[in-house]
Amino acid sequence: MGKTLFEKIWESHIVVEKQNEPDLIYIDRHLVHEVTSPQAFDGLRMNNRKVRRPDLTIATMDHNVPTTDRSLPMLDETSSIQIKTLENNCKDFGIKLFDISSPNQGIVHVIGPQLGITLPGSTIVCGDSHTSTHGAFGALALGIGTSEVEHVLASQTLWLEKPKTFEVRVEGKRKNPHAVTAKDIILSIIKNIGTAGGTGTVIEYRGEGISDLSMDQRMTICNMSIEGGARAGLIAPDEKTFDYLRNREYTPKNYESLVDSWRDELKTDSDATFDKQFILDINDITPQVSWGTNPGMTCDVDEPIPSPDEFSNGDPNQKKGAEKALEYMDLKPGTMIEDIKIDRVFIGSCTNARLEDLIEASKIIQGQKVASTVSAMVVPGSQMVKKQAEEMGLDKIFTDANFEWREAGCSMCLGMNPDILSPGERCASTSNRNFEGRQGNGGRTHLVSPVMAAAAAINGHFVDVRKLDLN
Amino acid sequence: MKPFENVKSIVTPLDMVNVDTDQIVPKQFLKLVQKSGFGKFLFFNWRYDENKNIKSDFILNDSKYDGSKILVAGDNFGCGSSREHAVWALDDYGFSVIISSSFADIFFSNCFKNGILPISLDSKSVEKLLQETNSVEVDLENQIIKTSSEDISFEINSHKKKILLEGLDDIAQTFQFEDKICAFEEKSTIPSVL
């Protein structure tokens, strides 16, 4: 019987296989950032261990870096210590670091692909749940905890139980691909399968609706696999993938011969079967807006907010969750999405802060102004994205519209740096989680695409971007 | 890691689904560079209001549950971020067993690295435990939760059970396979980054 892409990558990375026990899996790439690594390096020191393969390990600082003028000293002392700690650890253990002044600094999941560090068919880990992003290149990319970070640093391997396989097939063509984006596809998938729908599985996204997408868009899809509960998300590499990675700063020298072998090997066999399947038809999907406190609590832009009864489908626990969410979000069932006024707009994060995201958002705001009741910011995913956008004049479009144009980092996706919502503030955000307090204690997050966020900034409330001329 | 020992205590019922790691430890506490002392930050935004006053309606603030070592919660516990700080906080606060109808994958895995036992039960048993007011004993060796009215058995992977019972150091175990790791590296086709 045939094999899935995931099974092929898994099997080619088994170092030790035991009956009824986890497999020891080799890790090809380890990405490290400041928040989940200090305790791992401490563990190495305590046990007198070294980093086994510094040449497979890359570090950057992204979670709590300021996005304002970086020539100024950092005001937050604990953040500053954590950043300094990463610098010292990288120096002590011989790890390549893209520090705060590097032109390659940025969100770890944005810079990996941009630098050609992410490769098809490889295994990639990072102490960050959104590592699933790299699956867009046909890599098996897993988010891990700090103990596992330490394990990979020491041994370049991990003991892992083999996940199950989950096919998410995206069929059809979007009528207006500028208005209905990759973000709307993945939010729609999560709304349907639920936030635990992918637990214990690796999702492979397949079908015309996926192969049509650009690499930036595919990354948005794979990025939010974790919001569907999955261990990882994968898309089989094709010519778009190979073109994207060609001639990047760290693309391997023997790249073309690697591509030749990937072209043959890295796909799911036609007679392979999956443990689970979900099919989404995107012919009629609309822009999505989350209304609650987990990414599954999402509805169409032209729908009213559902009542807890409608949402829960008879499950009393889900109903209670929806009631609590509506209370936290200060929303009433039946309210139309377009009637929700917003205070803040955040265009950023490892989900939606790549060049294409910024280009699409800039088309909405060109020649317009942010509503007087709204404060809006753009935080490019990496310094390289920022530079490319500036070369295209996008920064000018944003700042002319009264958006703030910031330095690269995770920023208000999780508010570990000074970029946070005040209690009660409502934000249209291109990030990935709308959990209580995620963007600031008491803050209210609505997850949307970059174009939906941009249109909300201009209008002061959500707008169905299908009504706008986007071509 | 300390070996897991049987636990006997009252259960703290956290009757909520989809409890995410942002709630277990809010982001402002992730800036610390050590593993200890996270207990005081556990469920911080649910335990305290904006002025750091105690919210009396939150279960952990009910003195009835002081000293409880067993947390029972609804479906999909520990979803969201990979932060191991969530497990460090539960551990430091005093919990050594977490019971739910399902766990998010990364959180589940992080528990075993820190000597915490996550137990998945069917929803009915979880509902019952949420109502349990008497002391409950969790016996890992025999895979049984003993309540005042019945014994509830639970499943656990034998390898994971062994890790907890013996308090094994993962990395030391892995180093026993050094020759296999070297052999793998010899034939690997993925080039180094630098």
# chains A, B, ... in the order shown; residues from 1 in each chain; ligands from 1

call {"tool": "residues_around", "arguments": {"residues": "Tyr93 of chain B", "least_positions_apart": "2", "cutoff": "7 Å", "atoms": "only C-alpha atoms", "output": "PyMOL selection string"}}
result
chain B and resi 39-40+89-91+95

call {"tool": "residues_around", "arguments": {"residues": "Ile27 of chain A", "least_positions_apart": "2", "cutoff": "12 Å", "atoms": "only C-alpha atoms", "output": "compact mmCIF listing (two decimals) with N, CA, C and O atoms, in the first residue's frame"}}
result
# COMPACT_ATOMS: atom_id res chain seq x y z
N ILE A 9 8.34 11.10 5.28
CA ILE A 9 9.31 11.93 6.01
C ILE A 9 9.64 11.28 7.36
O ILE A 9 10.80 11.20 7.77
N TRP A 10 8.61 10.81 8.03
CA TRP A 10 8.81 10.16 9.34
C TRP A 10 9.77 8.97 9.20
O TRP A 10 10.77 8.89 9.92
N SER A 12 11.92 8.25 7.01
CA SER A 12 13.29 8.56 6.61
C SER A 12 14.08 9.26 7.73
O SER A 12 15.25 9.57 7.55
N HIS A 13 13.42 9.49 8.87
CA HIS A 13 14.12 10.15 9.98
C HIS A 13 14.19 9.30 11.25
O HIS A 13 14.57 9.79 12.30
N ILE A 14 13.82 8.03 11.13
CA ILE A 14 13.86 7.16 12.32
C ILE A 14 15.30 6.75 12.61
O ILE A 14 15.99 6.19 11.76
N VAL A 15 15.74 7.05 13.82
CA VAL A 15 17.07 6.65 14.27
C VAL A 15 16.97 5.33 15.05
O VAL A 15 17.76 4.42 14.87
N LEU A 24 12.77 7.22 17.97
CA LEU A 24 13.75 8.30 18.09
C LEU A 24 13.92 8.90 16.70
O LEU A 24 14.34 8.23 15.76
N ILE A 25 13.54 10.18 16.58
CA ILE A 25 13.48 10.84 15.27
C ILE A 25 14.61 11.87 15.17
O ILE A 25 14.84 12.65 16.10
N ARG A 29 16.66 20.57 11.53
CA ARG A 29 16.76 22.01 11.76
C ARG A 29 16.15 22.33 13.12
O ARG A 29 15.02 21.93 13.41
N HIS A 30 16.89 23.09 13.94
CA HIS A 30 16.37 23.51 15.24
C HIS A 30 16.41 25.03 15.32
O HIS A 30 17.48 25.62 15.23
N LEU A 31 15.24 25.62 15.44
CA LEU A 31 15.13 27.08 15.53
C LEU A 31 14.90 27.45 16.99
O LEU A 31 14.10 26.83 17.68
N ARG A 52 24.92 19.37 20.34
CA ARG A 52 25.49 18.36 19.45
C ARG A 52 25.77 18.90 18.05
O ARG A 52 26.82 18.68 17.49
N ARG A 53 24.81 19.62 17.49
CA ARG A 53 24.97 20.11 16.11
C ARG A 53 24.64 21.62 16.00
O ARG A 53 23.57 21.99 15.52
N LEU A 56 23.22 22.91 12.79
CA LEU A 56 21.82 22.68 12.42
C LEU A 56 20.89 23.55 13.27
O LEU A 56 19.67 23.36 13.27
N THR A 57 21.48 24.47 14.02
CA THR A 57 20.71 25.25 14.99
C THR A 57 20.85 26.74 14.67
O THR A 57 21.96 27.21 14.41
N GLY A 121 11.01 18.04 2.98
CA GLY A 121 11.42 16.70 3.40
C GLY A 121 12.23 16.66 4.67
O GLY A 121 12.63 15.59 5.14
N SER A 122 12.48 17.83 5.27
CA SER A 122 13.29 17.86 6.49
C SER A 122 12.39 17.81 7.72
O SER A 122 11.17 17.98 7.62
N THR A 123 13.01 17.56 8.88
CA THR A 123 12.30 17.70 10.14
C THR A 123 12.80 18.98 10.81
O THR A 123 14.00 19.25 10.84
N ILE A 124 11.85 19.78 11.29
CA ILE A 124 12.17 21.08 11.88
C ILE A 124 11.45 21.17 13.22
O ILE A 124 10.27 20.83 13.31
N VAL A 125 12.15 21.61 14.25
CA VAL A 125 11.47 21.87 15.52
C VAL A 125 11.83 23.26 16.04
O VAL A 125 12.85 23.84 15.66
N CYS A 126 10.96 23.75 16.91
CA CYS A 126 11.21 25.02 17.58
C CYS A 126 10.33 25.03 18.83
O CYS A 126 9.24 24.46 18.81
N ALA A 139 7.92 20.24 4.89
CA ALA A 139 8.78 19.81 5.99
C ALA A 139 7.88 19.34 7.13
O ALA A 139 6.76 19.83 7.27
N LEU A 140 8.36 18.38 7.91
CA LEU A 140 7.61 17.97 9.11
C LEU A 140 8.08 18.88 10.24
O LEU A 140 9.20 18.73 10.74
N ALA A 141 7.25 19.86 10.59
CA ALA A 141 7.68 20.92 11.50
C ALA A 141 6.82 20.90 12.75
O ALA A 141 5.61 21.07 12.69
N LEU A 142 7.47 20.70 13.90
CA LEU A 142 6.75 20.48 15.16
C LEU A 142 7.10 21.53 16.21
O LEU A 142 8.28 21.84 16.42
N GLU A 148 12.04 19.46 25.60
CA GLU A 148 12.38 18.89 24.30
C GLU A 148 13.41 19.75 23.57
O GLU A 148 14.25 19.22 22.83
N VAL A 149 13.35 21.05 23.76
CA VAL A 149 14.39 21.93 23.19
C VAL A 149 15.75 21.47 23.72
O VAL A 149 16.71 21.31 22.95
N HIS A 151 16.53 18.55 24.86
CA HIS A 151 16.84 17.22 24.31
C HIS A 151 17.41 17.32 22.90
O HIS A 151 18.37 16.63 22.55
N VAL A 152 16.81 18.21 22.09
CA VAL A 152 17.30 18.37 20.71
C VAL A 152 18.67 19.04 20.71
O VAL A 152 19.56 18.63 19.96
N LEU A 153 18.86 20.04 21.56
CA LEU A 153 20.18 20.68 21.63
C LEU A 153 21.24 19.63 21.96
O LEU A 153 22.31 19.60 21.35
N ALA A 154 20.93 18.75 22.90
CA ALA A 154 21.92 17.78 23.36
C ALA A 154 22.13 16.62 22.39
O ALA A 154 23.24 16.11 22.25
N SER A 155 21.05 16.20 21.71
CA SER A 155 21.15 14.94 20.95
C SER A 155 20.75 15.06 19.48
O SER A 155 20.92 14.11 18.71
N GLN A 156 20.20 16.20 19.07
CA GLN A 156 19.68 16.41 17.71
C GLN A 156 18.57 15.41 17.35
O GLN A 156 18.28 15.16 16.18
N THR A 157 17.94 14.84 18.39
CA THR A 157 16.87 13.87 18.16
C THR A 157 15.73 14.14 19.15
O THR A 157 15.89 14.89 20.11
N LEU A 158 14.62 13.48 18.91
CA LEU A 158 13.47 13.53 19.83
C LEU A 158 12.78 12.18 19.86
O LEU A 158 12.64 11.54 18.81
N TRP A 159 12.32 11.77 21.03
CA TRP A 159 11.45 10.60 21.13
C TRP A 159 10.03 11.05 20.82
O TRP A 159 9.47 11.89 21.53
N LEU A 160 9.46 10.53 19.76
CA LEU A 160 8.12 10.98 19.36
C LEU A 160 7.22 9.79 19.05
O LEU A 160 7.65 8.82 18.43
N ILE B 181 22.77 7.36 16.32
CA ILE B 181 22.65 8.76 15.88
C ILE B 181 23.78 9.09 14.90
O ILE B 181 23.56 9.67 13.84
N PHE B 184 23.09 7.53 11.59
CA PHE B 184 22.07 8.27 10.85
C PHE B 184 22.69 9.49 10.18
O PHE B 184 22.43 9.78 9.01
N GLU B 185 23.52 10.18 10.94
CA GLU B 185 24.13 11.40 10.40
C GLU B 185 25.00 11.12 9.18
O GLU B 185 25.09 11.93 8.27
N SER B 188 22.57 10.92 6.23
CA SER B 188 21.57 11.98 6.05
C SER B 188 21.87 12.81 4.81
O SER B 188 23.01 13.13 4.51
N ILE B 190 20.19 15.79 4.22
CA ILE B 190 19.90 17.21 4.47
C ILE B 190 21.19 17.90 4.95
O ILE B 190 21.74 17.55 5.98
N PRO B 191 21.68 18.86 4.16
CA PRO B 191 22.95 19.50 4.53
C PRO B 191 22.81 20.42 5.74
O PRO B 191 21.70 20.82 6.09
N SER B 192 23.93 20.75 6.37
CA SER B 192 23.88 21.66 7.50
C SER B 192 23.53 23.06 7.02
O SER B 192 23.60 23.36 5.83

call {"tool": "closest_residue", "arguments": {"among": "A:Leu119, A:Ala401, A:Met336, A:Val448", "to": "Trp262 of chain A", "atoms": "only C-alpha atoms"}}
result
A:Leu119

call {"tool": "select_by_dssp", "arguments": {"residues": "segment 84-127 of chain A", "states": "alpha helix (DSSP H)", "output": "number ranges by chain"}}
result
A: 84-93, 108-114

call {"tool": "residues_around", "arguments": {"residues": "segment 264-280 of chain A", "least_positions_apart": "6", "cutoff": "8 Å", "atoms": "only C-alpha atoms", "output": "list of chain:residue names"}}
result
A:Met1, A:Gly2, A:Lys3, A:Thr4, A:Leu5, A:Phe6, A:Lys8, A:Pro120, A:Gly121, A:Gly138, A:Lys164, A:Thr165, A:Phe166, A:Glu167, A:Val168, A:Arg169, A:Val170, A:Glu171, A:Ile189, A:Ile193, A:Ala236, A:Pro237

call {"tool": "select_by_dssp", "arguments": {"residues": "segment 36-124 of chain B", "states": "strand (DSSP E or B)", "output": "VMD selection string"}}
result
chain B and resid 48 54 70 to 73 77 79 97 to 100 103 117 to 120

call {"tool": "write_last_selection", "arguments": {"atoms": "N, CA and C atoms", "output": "PDB file, in the first residue's frame"}}
result
ATOM      1  N   TYR B  48      -6.813  36.855  39.910  1.00  0.00           N
ATOM      2  CA  TYR B  48      -6.717  38.244  40.369  1.00  0.00           C
ATOM      3  C   TYR B  48      -7.381  39.185  39.366  1.00  0.00           C
ATOM      4  N   ILE B  54      -7.924  39.534  44.838  1.00  0.00           N
ATOM      5  CA  ILE B  54      -8.350  38.153  44.625  1.00  0.00           C
ATOM      6  C   ILE B  54      -9.795  38.104  44.134  1.00  0.00           C
ATOM      7  N   ILE B  70      -4.833  17.354  42.688  1.00  0.00           N
ATOM      8  CA  ILE B  70      -5.464  16.805  41.484  1.00  0.00           C
ATOM      9  C   ILE B  70      -6.391  17.852  40.874  1.00  0.00           C
ATOM     10  N   LEU B  71      -6.111  18.208  39.612  1.00  0.00           N
ATOM     11  CA  LEU B  71      -6.954  19.176  38.905  1.00  0.00           C
ATOM     12  C   LEU B  71      -7.797  18.422  37.882  1.00  0.00           C
ATOM     13  N   VAL B  72      -9.110  18.660  37.892  1.00  0.00           N
ATOM     14  CA  VAL B  72      -9.990  18.042  36.899  1.00  0.00           C
ATOM     15  C   VAL B  72     -10.584  19.148  36.043  1.00  0.00           C
ATOM     16  N   ALA B  73     -10.500  18.997  34.725  1.00  0.00           N
ATOM     17  CA  ALA B  73     -10.976  20.055  33.828  1.00  0.00           C
ATOM     18  C   ALA B  73     -11.649  19.451  32.604  1.00  0.00           C
ATOM     19  N   PHE B  77      -7.787  20.335  27.325  1.00  0.00           N
ATOM     20  CA  PHE B  77      -7.019  21.105  28.300  1.00  0.00           C
ATOM     21  C   PHE B  77      -5.596  21.354  27.784  1.00  0.00           C
ATOM     22  N   CYS B  79      -4.584  23.648  25.475  1.00  0.00           N
ATOM     23  CA  CYS B  79      -4.437  23.962  24.049  1.00  0.00           C
ATOM     24  C   CYS B  79      -3.689  25.289  23.890  1.00  0.00           C
ATOM     25  N   VAL B  97      -1.404  15.695  39.300  1.00  0.00           N
ATOM     26  CA  VAL B  97      -2.259  14.932  38.386  1.00  0.00           C
ATOM     27  C   VAL B  97      -3.247  15.907  37.741  1.00  0.00           C
ATOM     28  N   ILE B  98      -3.374  15.833  36.411  1.00  0.00           N
ATOM     29  CA  ILE B  98      -4.378  16.628  35.699  1.00  0.00           C
ATOM     30  C   ILE B  98      -5.293  15.634  34.986  1.00  0.00           C
ATOM     31  N   ILE B  99      -6.588  15.755  35.212  1.00  0.00           N
ATOM     32  CA  ILE B  99      -7.542  14.832  34.588  1.00  0.00           C
ATOM     33  C   ILE B  99      -8.459  15.633  33.658  1.00  0.00           C
ATOM     34  N   SER B 100      -8.608  15.121  32.437  1.00  0.00           N
ATOM     35  CA  SER B 100      -9.501  15.775  31.473  1.00  0.00           C
ATOM     36  C   SER B 100     -10.003  14.729  30.481  1.00  0.00           C
ATOM     37  N   PHE B 103      -6.492  16.193  26.030  1.00  0.00           N
ATOM     38  CA  PHE B 103      -5.419  17.181  26.216  1.00  0.00           C
ATOM     39  C   PHE B 103      -4.867  17.589  24.856  1.00  0.00           C
ATOM     40  N   LEU B 117       1.332  13.757  35.913  1.00  0.00           N
ATOM     41  CA  LEU B 117       0.553  12.707  35.246  1.00  0.00           C
ATOM     42  C   LEU B 117      -0.733  13.292  34.662  1.00  0.00           C
ATOM     43  N   PRO B 118      -0.847  13.365  33.309  1.00  0.00           N
ATOM     44  CA  PRO B 118      -2.109  13.764  32.708  1.00  0.00           C
ATOM     45  C   PRO B 118      -2.942  12.509  32.428  1.00  0.00           C
ATOM     46  N   ILE B 119      -4.180  12.474  32.883  1.00  0.00           N
ATOM     47  CA  ILE B 119      -5.022  11.290  32.681  1.00  0.00           C
ATOM     48  C   ILE B 119      -6.215  11.660  31.797  1.00  0.00           C
ATOM     49  N   SER B 120      -6.366  10.925  30.691  1.00  0.00           N
ATOM     50  CA  SER B 120      -7.534  11.114  29.823  1.00  0.00           C
ATOM     51  C   SER B 120      -8.605  10.109  30.213  1.00  0.00           C
TER      52      SER B 120
END

call {"tool": "closest_residue", "arguments": {"among": "B:Lys27, B:Lys146, B:Lys8, B:Lys187", "to": "chain A", "atoms": "only C-alpha atoms"}}
result
B:Lys27

call {"tool": "residues_around", "arguments": {"residues": "Gln23 of chain B", "least_positions_apart": "6", "cutoff": "10 Å", "atoms": "only C-alpha atoms", "output": "list of chain:residue names"}}
result
A:Phe435, A:Glu436, A:Gly437, A:Arg438, B:Phe41, B:Leu42, B:Phe43, B:Phe44, B:Asn45, B:Trp46, B:Gly78, B:Cys79, B:Gly80, B:Ala86

call {"tool": "write_last_selection", "arguments": {"atoms": "N, CA and C atoms", "output": "PDB file, in the first residue's frame"}}
result
ATOM      1  N   PHE A 435      -7.536  34.135  22.346  1.00  0.00           N
ATOM      2  CA  PHE A 435      -7.726  33.731  23.734  1.00  0.00           C
ATOM      3  C   PHE A 435      -7.913  34.960  24.620  1.00  0.00           C
ATOM      4  N   GLU A 436      -8.609  34.757  25.734  1.00  0.00           N
ATOM      5  CA  GLU A 436      -8.773  35.826  26.726  1.00  0.00           C
ATOM      6  C   GLU A 436      -7.410  36.422  27.074  1.00  0.00           C
ATOM      7  N   GLY A 437      -7.308  37.726  26.996  1.00  0.00           N
ATOM      8  CA  GLY A 437      -6.104  38.410  27.464  1.00  0.00           C
ATOM      9  C   GLY A 437      -4.867  38.212  26.614  1.00  0.00           C
ATOM     10  N   ARG A 438      -4.984  37.485  25.525  1.00  0.00           N
ATOM     11  CA  ARG A 438      -3.820  37.166  24.700  1.00  0.00           C
ATOM     12  C   ARG A 438      -3.076  38.436  24.268  1.00  0.00           C
TER      13      ARG A 438
ATOM     14  N   PHE B  41       1.946  32.420  39.508  1.00  0.00           N
ATOM     15  CA  PHE B  41       1.374  33.001  38.285  1.00  0.00           C
ATOM     16  C   PHE B  41       0.273  32.125  37.678  1.00  0.00           C
ATOM     17  N   LEU B  42       0.037  30.953  38.271  1.00  0.00           N
ATOM     18  CA  LEU B  42      -0.939  30.010  37.705  1.00  0.00           C
ATOM     19  C   LEU B  42      -2.328  30.666  37.613  1.00  0.00           C
ATOM     20  N   PHE B  43      -2.948  30.569  36.443  1.00  0.00           N
ATOM     21  CA  PHE B  43      -4.284  31.147  36.201  1.00  0.00           C
ATOM     22  C   PHE B  43      -4.374  32.589  36.717  1.00  0.00           C
ATOM     23  N   PHE B  44      -3.305  33.326  36.529  1.00  0.00           N
ATOM     24  CA  PHE B  44      -3.182  34.644  37.158  1.00  0.00           C
ATOM     25  C   PHE B  44      -4.376  35.557  36.868  1.00  0.00           C
ATOM     26  N   ASN B  45      -4.776  35.623  35.576  1.00  0.00           N
ATOM     27  CA  ASN B  45      -5.851  36.564  35.217  1.00  0.00           C
ATOM     28  C   ASN B  45      -7.224  36.094  35.681  1.00  0.00           C
ATOM     29  N   TRP B  46      -7.310  34.829  36.087  1.00  0.00           N
ATOM     30  CA  TRP B  46      -8.568  34.331  36.645  1.00  0.00           C
ATOM     31  C   TRP B  46      -8.559  34.432  38.173  1.00  0.00           C
ATOM     32  N   GLY B  78      -5.092  22.564  27.984  1.00  0.00           N
ATOM     33  CA  GLY B  78      -3.702  22.883  27.618  1.00  0.00           C
ATOM     34  C   GLY B  78      -3.506  23.212  26.156  1.00  0.00           C
ATOM     35  N   CYS B  79      -4.584  23.648  25.475  1.00  0.00           N
ATOM     36  CA  CYS B  79      -4.437  23.962  24.049  1.00  0.00           C
ATOM     37  C   CYS B  79      -3.689  25.289  23.890  1.00  0.00           C
ATOM     38  N   GLY B  80      -3.232  25.527  22.672  1.00  0.00           N
ATOM     39  CA  GLY B  80      -2.559  26.788  22.373  1.00  0.00           C
ATOM     40  C   GLY B  80      -1.051  26.655  22.402  1.00  0.00           C
ATOM     41  N   ALA B  86       3.542  26.523  31.530  1.00  0.00           N
ATOM     42  CA  ALA B  86       2.208  26.125  32.009  1.00  0.00           C
ATOM     43  C   ALA B  86       2.328  24.924  32.945  1.00  0.00           C
TER      44      ALA B  86
END
